[in-house]
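Undergrad: This is target_32.cif (mmCIF, C-alpha atoms).
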```cif
data_input
#
loop_
_atom_site.group_PDB
_atom_site.id
_atom_site.type_symbol
_atom_site.label_atom_id
_atom_site.label_comp_id
_atom_site.auth_asym_id
_atom_site.auth_seq_id
_atom_site.Cartn_x
_atom_site.Cartn_y
_atom_site.Cartn_z
ATOM 1 C CA MET H 1 -21.771 2.282 10.673
ATOM 2 C CA GLN H 2 -19.545 4.258 8.364
ATOM 3 C CA ASN H 3 -18.875 7.924 9.212
ATOM 4 C CA LEU H 4 -16.869 8.628 6.082
ATOM 5 C CA GLN H 5 -18.903 9.758 3.073
ATOM 6 C CA ILE H 6 -18.050 9.323 -0.588
ATOM 7 C CA GLN H 7 -17.440 13.060 -1.030
ATOM 8 C CA ASP H 8 -14.832 12.939 1.747
ATOM 9 C CA ILE H 9 -12.500 10.598 -0.151
ATOM 10 C CA ALA H 10 -9.122 12.105 -1.068
ATOM 11 C CA ILE H 11 -7.875 10.836 -4.429
ATOM 12 C CA LEU H 12 -4.553 10.862 -6.234
ATOM 13 C CA LEU H 13 -5.126 10.333 -9.953
ATOM 14 C CA VAL H 14 -2.091 9.081 -11.896
ATOM 15 C CA GLU H 15 -2.818 9.470 -15.589
ATOM 16 C CA PRO H 16 -0.475 10.668 -18.353
ATOM 17 C CA SER H 17 -3.269 11.655 -20.759
ATOM 18 C CA SER H 18 -4.672 15.147 -20.174
ATOM 19 C CA THR H 19 -7.883 14.098 -21.922
ATOM 20 C CA GLN H 20 -8.347 11.113 -19.619
ATOM 21 C CA GLN H 21 -7.498 13.303 -16.628
ATOM 22 C CA LYS H 22 -10.374 15.646 -17.489
ATOM 23 C CA ILE H 23 -12.828 12.801 -18.137
ATOM 24 C CA ILE H 24 -12.070 11.022 -14.862
ATOM 25 C CA ALA H 25 -12.008 14.245 -12.823
ATOM 26 C CA ARG H 26 -15.402 15.201 -14.278
ATOM 27 C CA GLN H 27 -16.860 11.797 -13.389
ATOM 28 C CA LEU H 28 -15.494 12.073 -9.849
ATOM 29 C CA SER H 29 -17.020 15.549 -9.575
ATOM 30 C CA GLU H 30 -20.398 14.099 -10.588
ATOM 31 C CA LEU H 31 -20.101 11.846 -7.545
ATOM 32 C CA GLY H 32 -19.341 14.839 -5.349
ATOM 33 C CA ILE H 33 -15.621 14.056 -5.094
ATOM 34 C CA ASN H 34 -13.499 17.163 -5.619
ATOM 35 C CA ASN H 35 -10.466 16.428 -3.444
ATOM 36 C CA VAL H 36 -8.443 15.170 -6.408
ATOM 37 C CA SER H 37 -4.717 15.600 -7.045
ATOM 38 C CA ILE H 38 -3.300 14.677 -10.440
ATOM 39 C CA GLU H 39 0.148 13.402 -11.414
ATOM 40 C CA THR H 40 1.347 12.053 -14.743
ATOM 41 C CA THR H 41 4.111 9.616 -13.714
ATOM 42 C CA GLY H 42 4.588 6.972 -11.077
ATOM 43 C CA GLU H 43 7.582 8.724 -9.535
ATOM 44 C CA GLN H 44 5.669 11.982 -9.223
ATOM 45 C CA ALA H 45 2.851 10.071 -7.538
ATOM 46 C CA LEU H 46 5.238 8.487 -5.015
ATOM 47 C CA GLN H 47 6.805 11.868 -4.219
ATOM 48 C CA LYS H 48 3.341 13.354 -3.710
ATOM 49 C CA MET H 49 2.331 10.478 -1.425
ATOM 50 C CA ALA H 50 5.477 10.903 0.656
ATOM 51 C CA SER H 51 4.195 14.300 1.816
ATOM 52 C CA SER H 52 0.438 13.724 1.671
ATOM 53 C CA THR H 53 -1.078 10.243 1.565
ATOM 54 C CA PRO H 54 -4.474 10.037 -0.177
ATOM 55 C CA ASP H 55 -7.264 7.618 0.686
ATOM 56 C CA VAL H 56 -7.005 5.995 -2.732
ATOM 57 C CA VAL H 57 -4.793 6.087 -5.820
ATOM 58 C CA ILE H 58 -6.499 5.759 -9.196
ATOM 59 C CA SER H 59 -3.924 4.846 -11.824
ATOM 60 C CA ALA H 60 -3.603 3.920 -15.467
ATOM 61 C CA LEU H 61 -1.777 0.660 -16.169
ATOM 62 C CA TYR H 62 0.842 2.164 -18.471
ATOM 63 C CA LEU H 63 2.701 5.217 -17.184
ATOM 64 C CA PRO H 64 5.709 6.959 -18.765
ATOM 65 C CA ASP H 65 8.192 5.658 -16.175
ATOM 66 C CA MET H 66 6.615 2.459 -14.823
ATOM 67 C CA THR H 67 3.466 0.365 -14.927
ATOM 68 C CA GLY H 68 0.525 0.554 -12.561
ATOM 69 C CA THR H 69 1.685 -2.837 -11.255
ATOM 70 C CA ASP H 70 5.098 -1.357 -10.415
ATOM 71 C CA LEU H 71 3.412 1.577 -8.717
ATOM 72 C CA VAL H 72 1.126 -0.486 -6.479
ATOM 73 C CA HIS H 73 4.054 -2.717 -5.475
ATOM 74 C CA LYS H 74 6.128 0.343 -4.500
ATOM 75 C CA ILE H 75 3.178 1.659 -2.487
ATOM 76 C CA ARG H 76 2.686 -1.678 -0.711
ATOM 77 C CA GLU H 77 6.406 -1.861 0.114
ATOM 78 C CA THR H 78 6.450 1.586 1.775
ATOM 79 C CA PRO H 79 5.182 1.448 5.389
ATOM 80 C CA SER H 80 3.684 4.947 5.359
ATOM 81 C CA MET H 81 1.722 4.181 2.170
ATOM 82 C CA GLU H 82 1.083 0.447 2.301
ATOM 83 C CA GLU H 83 -2.583 0.613 3.330
ATOM 84 C CA THR H 84 -3.559 3.173 0.694
ATOM 85 C CA GLY H 85 -6.396 1.960 -1.524
ATOM 86 C CA PHE H 86 -5.562 1.380 -5.189
ATOM 87 C CA ILE H 87 -7.845 1.337 -8.238
ATOM 88 C CA LEU H 88 -6.544 0.420 -11.682
ATOM 89 C CA ILE H 89 -7.997 1.806 -14.908
ATOM 90 C CA SER H 90 -7.116 -0.233 -17.987
ATOM 91 C CA SER H 91 -8.465 -1.772 -21.151
ATOM 92 C CA GLU H 92 -6.114 -4.732 -20.568
ATOM 93 C CA THR H 93 -7.871 -8.094 -20.193
ATOM 94 C CA ARG H 94 -5.018 -10.634 -20.286
ATOM 95 C CA PHE H 95 -4.809 -12.740 -17.132
ATOM 96 C CA ARG H 96 -0.986 -12.766 -17.056
ATOM 97 C CA VAL H 97 -0.933 -8.958 -17.097
ATOM 98 C CA LEU H 98 -3.683 -8.314 -14.553
ATOM 99 C CA ASP H 99 -2.994 -11.143 -12.096
ATOM 100 C CA PRO H 100 0.128 -9.533 -10.510
ATOM 101 C CA ILE H 101 -1.821 -6.391 -9.716
ATOM 102 C CA ARG H 102 -4.735 -8.418 -8.330
ATOM 103 C CA GLN H 103 -2.296 -10.265 -6.093
ATOM 104 C CA ALA H 104 -0.920 -6.960 -4.794
ATOM 105 C CA GLY H 105 -4.338 -6.021 -3.447
ATOM 106 C CA VAL H 106 -6.475 -3.586 -5.407
ATOM 107 C CA ILE H 107 -9.934 -2.306 -4.615
ATOM 108 C CA ALA H 108 -11.150 -2.478 -8.201
ATOM 109 C CA ILE H 109 -10.059 -2.775 -11.819
ATOM 110 C CA LEU H 110 -12.082 -0.448 -14.024
ATOM 111 C CA PRO H 111 -12.114 -1.190 -17.766
ATOM 112 C CA LYS H 112 -11.844 1.501 -20.405
ATOM 113 C CA PRO H 113 -14.302 2.982 -21.124
ATOM 114 C CA PHE H 114 -16.243 3.041 -17.868
ATOM 115 C CA GLY H 115 -19.218 5.072 -16.712
ATOM 116 C CA VAL H 116 -20.075 7.042 -13.602
ATOM 117 C CA GLY H 117 -22.000 4.018 -12.303
ATOM 118 C CA ASP H 118 -18.868 1.844 -12.464
ATOM 119 C CA LEU H 119 -16.893 4.548 -10.701
ATOM 120 C CA ARG H 120 -19.552 4.883 -8.005
ATOM 121 C CA VAL H 121 -19.276 1.149 -7.254
ATOM 122 C CA ALA H 122 -15.486 1.474 -6.980
ATOM 123 C CA MET H 123 -15.821 4.467 -4.647
ATOM 124 C CA ASN H 124 -18.309 2.617 -2.451
ATOM 125 C CA ASN H 125 -15.821 -0.264 -2.303
ATOM 126 C CA THR H 126 -13.227 2.310 -1.261
ATOM 127 C CA LEU H 127 -15.452 3.391 1.615
ATOM 128 C CA ASP H 128 -15.751 -0.240 2.725
ATOM 129 C CA TYR H 129 -11.972 -0.621 2.502
ATOM 130 C CA ILE H 130 -11.290 2.530 4.542
ATOM 131 C CA ASP H 131 -14.140 2.366 7.036
ATOM 132 C CA ALA H 132 -15.656 -1.116 7.028
ATOM 133 C CA ASP H 133 -18.433 -2.318 9.326
ATOM 134 C CA THR H 134 -17.390 -5.122 11.663
ATOM 135 C CA LEU H 135 -18.807 -8.617 11.299
ATOM 136 C CA ASN H 136 -22.198 -9.248 12.859
ATOM 137 C CA LEU H 137 -22.070 -12.880 13.994
ATOM 138 C CA GLU H 138 -24.573 -14.878 16.007
ATOM 139 C CA THR H 139 -22.078 -17.077 17.861
ATOM 140 C CA PHE H 140 -18.655 -15.418 17.748
ATOM 141 C CA ASN H 141 -17.159 -12.070 18.542
ATOM 142 C CA PRO H 142 -15.013 -11.216 15.476
ATOM 143 C CA GLU H 143 -11.991 -10.453 17.668
ATOM 144 C CA ASP H 144 -12.116 -14.006 19.064
ATOM 145 C CA LEU H 145 -11.848 -15.709 15.669
ATOM 146 C CA ASN H 146 -8.626 -17.497 14.725
ATOM 147 C CA VAL H 147 -7.968 -17.209 10.996
ATOM 148 C CA LEU H 148 -5.388 -18.917 8.773
ATOM 149 C CA ILE H 149 -4.459 -17.020 5.591
ATOM 150 C CA VAL H 150 -2.846 -19.133 2.865
ATOM 151 C CA ASP H 151 -1.297 -17.402 -0.157
ATOM 152 C CA ASP H 152 2.121 -17.531 -1.807
ATOM 153 C CA SER H 153 2.078 -13.755 -2.342
ATOM 154 C CA PRO H 154 3.136 -11.705 0.723
ATOM 155 C CA LEU H 155 1.299 -8.689 -0.698
ATOM 156 C CA ALA H 156 -1.883 -10.710 -1.157
ATOM 157 C CA ARG H 157 -1.678 -12.023 2.412
ATOM 158 C CA LYS H 158 -1.167 -8.491 3.699
ATOM 159 C CA HIS H 159 -4.164 -7.202 1.710
ATOM 160 C CA ILE H 160 -6.418 -10.014 2.923
ATOM 161 C CA LYS H 161 -5.279 -9.414 6.498
ATOM 162 C CA ARG H 162 -5.945 -5.661 6.119
ATOM 163 C CA THR H 163 -9.476 -6.355 4.886
ATOM 164 C CA LEU H 164 -10.258 -8.859 7.640
ATOM 165 C CA THR H 165 -8.805 -6.555 10.299
ATOM 166 C CA GLY H 166 -11.231 -3.903 9.095
ATOM 167 C CA LEU H 167 -14.054 -6.369 9.790
ATOM 168 C CA GLY H 168 -12.959 -6.722 13.414
ATOM 169 C CA ILE H 169 -10.806 -9.872 13.183
ATOM 170 C CA GLU H 170 -7.577 -9.742 15.176
ATOM 171 C CA ASN H 171 -5.975 -13.208 15.340
ATOM 172 C CA PHE H 172 -4.092 -14.454 12.278
ATOM 173 C CA ALA H 173 -1.646 -17.125 11.213
ATOM 174 C CA GLU H 174 -0.139 -17.296 7.725
ATOM 175 C CA ALA H 175 1.111 -19.968 5.321
ATOM 176 C CA THR H 176 2.695 -19.633 1.883
ATOM 177 C CA ASP H 177 1.147 -22.743 0.298
ATOM 178 C CA GLY H 178 -1.004 -25.788 1.030
ATOM 179 C CA VAL H 179 1.844 -27.885 2.397
ATOM 180 C CA GLU H 180 2.790 -25.261 4.960
ATOM 181 C CA ALA H 181 -0.894 -24.680 5.767
ATOM 182 C CA LEU H 182 -1.424 -28.336 6.675
ATOM 183 C CA LYS H 183 1.530 -28.185 9.077
ATOM 184 C CA VAL H 184 0.055 -25.099 10.746
ATOM 185 C CA LEU H 185 -3.379 -26.751 10.907
ATOM 186 C CA SER H 186 -1.924 -29.830 12.588
ATOM 187 C CA ASP H 187 -0.719 -27.721 15.520
ATOM 188 C CA ASN H 188 -3.448 -25.084 15.826
ATOM 189 C CA TYR H 189 -7.235 -24.782 15.765
ATOM 190 C CA PHE H 190 -8.833 -22.263 13.409
ATOM 191 C CA ASP H 191 -12.338 -20.859 13.024
ATOM 192 C CA LEU H 192 -11.724 -19.898 9.383
ATOM 193 C CA VAL H 193 -9.278 -20.635 6.565
ATOM 194 C CA VAL H 194 -8.856 -18.084 3.758
ATOM 195 C CA THR H 195 -6.838 -19.506 0.867
ATOM 196 C CA ASP H 196 -5.689 -18.618 -2.617
ATOM 197 C CA TYR H 197 -6.231 -21.054 -5.491
ATOM 198 C CA ASN H 198 -3.002 -20.820 -7.502
ATOM 199 C CA MET H 199 -0.047 -21.755 -5.262
ATOM 200 C CA PRO H 200 3.120 -23.852 -5.657
ATOM 201 C CA ASN H 201 3.624 -27.281 -4.032
ATOM 202 C CA MET H 202 -0.073 -27.661 -3.146
ATOM 203 C CA ASP H 203 -2.769 -25.453 -4.640
ATOM 204 C CA GLY H 204 -5.989 -24.316 -3.008
ATOM 205 C CA LYS H 205 -8.099 -27.147 -4.372
ATOM 206 C CA GLU H 206 -5.706 -29.787 -3.048
ATOM 207 C CA LEU H 207 -5.542 -27.999 0.290
ATOM 208 C CA VAL H 208 -9.327 -27.988 0.622
ATOM 209 C CA GLU H 209 -9.460 -31.700 -0.203
ATOM 210 C CA HIS H 210 -6.810 -32.505 2.424
ATOM 211 C CA ILE H 211 -8.609 -30.432 5.055
ATOM 212 C CA ARG H 212 -11.961 -32.048 4.332
ATOM 213 C CA GLN H 213 -10.689 -35.622 4.102
ATOM 214 C CA GLU H 214 -7.552 -35.948 6.220
ATOM 215 C CA SER H 215 -7.335 -33.204 8.829
ATOM 216 C CA GLY H 216 -8.765 -32.991 12.308
ATOM 217 C CA GLN H 217 -10.591 -29.807 11.305
ATOM 218 C CA ALA H 218 -12.732 -31.140 8.474
ATOM 219 C CA ALA H 219 -15.642 -28.825 9.289
ATOM 220 C CA VAL H 220 -13.683 -25.549 9.357
ATOM 221 C CA PRO H 221 -15.198 -22.906 7.011
ATOM 222 C CA ILE H 222 -12.953 -22.261 4.010
ATOM 223 C CA LEU H 223 -13.116 -19.103 1.898
ATOM 224 C CA MET H 224 -11.191 -19.261 -1.374
ATOM 225 C CA VAL H 225 -10.028 -15.913 -2.738
ATOM 226 C CA THR H 226 -8.898 -16.251 -6.335
ATOM 227 C CA SER H 227 -8.305 -14.465 -9.628
ATOM 228 C CA GLU H 228 -8.938 -17.759 -11.443
ATOM 229 C CA ASN H 229 -11.643 -17.370 -14.091
ATOM 230 C CA THR H 230 -11.691 -20.825 -15.671
ATOM 231 C CA GLU H 231 -15.170 -22.226 -15.029
ATOM 232 C CA SER H 232 -14.100 -25.877 -15.104
ATOM 233 C CA ARG H 233 -11.418 -25.283 -12.474
ATOM 234 C CA LEU H 234 -13.764 -23.286 -10.253
ATOM 235 C CA ALA H 235 -16.387 -26.020 -10.548
ATOM 236 C CA ALA H 236 -13.802 -28.557 -9.391
ATOM 237 C CA VAL H 237 -12.915 -26.315 -6.456
ATOM 238 C CA GLN H 238 -16.550 -26.076 -5.411
ATOM 239 C CA LYS H 239 -16.852 -29.864 -5.491
ATOM 240 C CA SER H 240 -13.742 -30.196 -3.332
ATOM 241 C CA GLY H 241 -15.622 -28.751 -0.369
ATOM 242 C CA VAL H 242 -14.833 -25.042 -0.281
ATOM 243 C CA SER H 243 -17.411 -23.052 1.694
ATOM 244 C CA ALA H 244 -17.375 -20.001 -0.582
ATOM 245 C CA ILE H 245 -15.376 -18.443 -3.422
ATOM 246 C CA CYS H 246 -14.538 -14.749 -3.691
ATOM 247 C CA ASP H 247 -12.916 -13.046 -6.682
ATOM 248 C CA LYS H 248 -9.778 -10.918 -6.671
ATOM 249 C CA PRO H 249 -10.040 -7.975 -6.427
ATOM 250 C CA PHE H 250 -12.673 -8.509 -3.764
ATOM 251 C CA GLU H 251 -15.098 -6.117 -2.134
ATOM 252 C CA SER H 252 -15.027 -5.752 1.642
ATOM 253 C CA SER H 253 -18.824 -5.759 1.729
ATOM 254 C CA SER H 254 -18.949 -9.040 -0.222
ATOM 255 C CA VAL H 255 -16.364 -10.645 2.069
ATOM 256 C CA ARG H 256 -18.301 -9.455 5.111
ATOM 257 C CA GLN H 257 -21.550 -10.926 3.762
ATOM 258 C CA LEU H 258 -19.909 -14.243 2.896
ATOM 259 C CA LEU H 259 -18.251 -14.555 6.291
ATOM 260 C CA GLU H 260 -21.449 -13.682 8.146
ATOM 261 C CA GLN H 261 -23.220 -16.447 6.232
ATOM 262 C CA MET H 262 -20.414 -18.966 6.762
ATOM 263 C CA LEU H 263 -19.736 -18.256 10.429
ATOM 264 C CA SER H 264 -23.285 -17.738 11.675
#
```
Now that the file is in, can you turn its structure into structure tokens?

TA:
Amino acid sequence: MQNLQIQDIAILLVEPSSTQQKIIARQLSELGINNVSIETTGEQALQKMASSTPDVVISALYLPDMTGTDLVHKIRETPSMEETGFILISSETRFRVLDPIRQAGVIAILPKPFGVGDLRVAMNNTLDYIDADTLNLETFNPEDLNVLIVDDSPLARKHIKRTLTGLGIENFAEATDGVEALKVLSDNYFDLVVTDYNMPNMDGKELVEHIRQESGQAAVPILMVTSENTESRLAAVQKSGVSAICDKPFESSSVRQLLEQMLS
């Protein structure tokens, strides 16, 4: 069970607009969250984090000196900061703009405008990210599971691994695309495969088809984690034999529920 409470979360808000700063701080206060530091630029935020790392960064997409995407990448590339939660606030809806930040591993993307209810969901997701409950499985101990993570983005693989580690899983192998994944599968047994959809050389759909039809592990549970939102493509993925699909950014509680269903 979680010991951390929502009011205990320490937040760094990165927002250049003083009006938006006040609105967001007020909404956080309504949730009982008052441990909030505010910076207006990405560089200021990084300097602040170098001396005091928050539980989560809440950032606008467009900052005076960089984008929110730049900021989360810099955070993920700094060992002392890399596991800090990140929430994006933006009215942006274009896939090509949001996908890089999804791949970097964010807890939530909040649209503008958003309400206290939306923020509460994001904060609860933050709690799950920081202090997740371990998997409750009928047959396996989570620490005994062997998991293959397949994603062409190193940051995405790291974020998935961080989330699964929080659920009690300890044994991982990684592959950068479907072709590499099949080579790893030919030499090792896995209890679970977690794969992205959009990858070079062999995408997630093709990988699932190969596993189901041509590998010696045709029955392995496969969780697809994707930012893909095209219904026809997702329908084709489901027909290919994937066990479950989870959106990016994903919630730790949703992943836990899916895995408990798949693995029990």

Undergrad: The PyMOL selection byres ((chain H and resi 6) around 12) on the file shown: which residues, as number ranges by chain?

TA: H: 2-5, 7-11, 28-35, 55-56, 119-128, 130-131

Undergrad: As a PyMOL selection string, please: the residues near H:Thr69 (cut-off 7 Å, all atoms listed in the file, same-chain neighbours under 3 positions excluded).

TA: chain H and resi 61+72-73+100-101

Undergrad: Could you give me, as a list in words, the residues within 8 Å of stretch 133-136 of chain H, counting all atoms listed in the file and dropping anything in the same chain fewer than 2 positions from it?

TA: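 With the cut-off at 8 Å, the set is Met1, Gln2, Asp128, Asp131, Glu138, Pro142, Gly166, Leu167, Gly168, Arg256, Leu259 and Glu260 of chain H.
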
Undergrad: Leaving out stretch 188-191 of chain H and any residue of its chain fewer than 6 positions from it, which residues lie within 8 Å of it when counting only C-alpha atoms, given as a list in words?

TA: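 Residues near the query, excluding close chain neighbours: Leu145, Asn146, Val147, Leu148, Gln217, Val220 and Pro221 of chain H.
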
Undergrad: When you count only C-alpha atoms, which of these residues is closest to H:Leu155: H:Ala50, H:Val106, H:Met202, H:Val193?

TA: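 Among the listed residues, the smallest separation from H:Leu155 belongs to H:Val106.
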
Undergrad: Can you list, as a ChimeraX atom specification, every protein, DNA or RNA residue that comes within 9 Å of H:Ser90 when you count all atoms listed in the file, leaving out same-chain residues fewer than 4 positions away?

TA: /H:59-62,109-113

Undergrad: Report, in Å to a single decimal, how far apart atom CA of H:Gln103 and atom CA of H:Asp247 are.

TA: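 Value for the atom CA of H:Asp247-atom CA of H:Gln103 distance: 11.0 Å.
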
Undergrad: Output as CSV one row per residue of stretch 131-210 of chain H within 12 Å of stretch 75-81 of chain H: the closest atom pair and its distance in Å to one decimal place, counting only C-alpha atoms, sorted by chain and residue number ascending.

TA:
```
residue,atom,partner,partner_atom,distance
H:Pro154,CA,H:Arg76,CA,10.1
H:Leu155,CA,H:Arg76,CA,7.1
H:Ala156,CA,H:Arg76,CA,10.1
H:Arg157,CA,H:Arg76,CA,11.7
H:Lys158,CA,H:Arg76,CA,9.0
H:His159,CA,H:Arg76,CA,9.1
H:Arg162,CA,H:Arg76,CA,11.7
```

Undergrad: Have a look at H:Pro64, H:Asp151, H:Ser253, H:Thr165 and name the one nearest to H:Gly204; count all atoms listed in the file.

TA: H:Asp151

Undergrad: Please enumerate the residues selected by the PyMOL selection byres ((chain H and resi 149) around 10) when evaluated against the supplied file, formatted as an mmCIF file with C-alpha atoms, in the frame of the given file.

TA:
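The result, written out as expr-v4.cif:
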```
data_model
loop_
_atom_site.group_PDB
_atom_site.id
_atom_site.type_symbol
_atom_site.label_atom_id
_atom_site.label_comp_id
_atom_site.auth_asym_id
_atom_site.auth_seq_id
_atom_site.Cartn_x
_atom_site.Cartn_y
_atom_site.Cartn_z
ATOM 1 C CA VAL H 147 -7.968 -17.209 10.996
ATOM 2 C CA LEU H 148 -5.388 -18.917 8.773
ATOM 3 C CA VAL H 150 -2.846 -19.133 2.865
ATOM 4 C CA ASP H 151 -1.297 -17.402 -0.157
ATOM 5 C CA ASP H 152 2.121 -17.531 -1.807
ATOM 6 C CA ALA H 156 -1.883 -10.710 -1.157
ATOM 7 C CA ARG H 157 -1.678 -12.023 2.412
ATOM 8 C CA LYS H 158 -1.167 -8.491 3.699
ATOM 9 C CA ILE H 160 -6.418 -10.014 2.923
ATOM 10 C CA LYS H 161 -5.279 -9.414 6.498
ATOM 11 C CA PHE H 172 -4.092 -14.454 12.278
ATOM 12 C CA ALA H 173 -1.646 -17.125 11.213
ATOM 13 C CA GLU H 174 -0.139 -17.296 7.725
ATOM 14 C CA ALA H 175 1.111 -19.968 5.321
ATOM 15 C CA THR H 176 2.695 -19.633 1.883
ATOM 16 C CA ASP H 177 1.147 -22.743 0.298
ATOM 17 C CA ALA H 181 -0.894 -24.680 5.767
ATOM 18 C CA LEU H 192 -11.724 -19.898 9.383
ATOM 19 C CA VAL H 193 -9.278 -20.635 6.565
ATOM 20 C CA VAL H 194 -8.856 -18.084 3.758
ATOM 21 C CA THR H 195 -6.838 -19.506 0.867
ATOM 22 C CA ASP H 196 -5.689 -18.618 -2.617
ATOM 23 C CA LEU H 223 -13.116 -19.103 1.898
ATOM 24 C CA MET H 224 -11.191 -19.261 -1.374
#
```
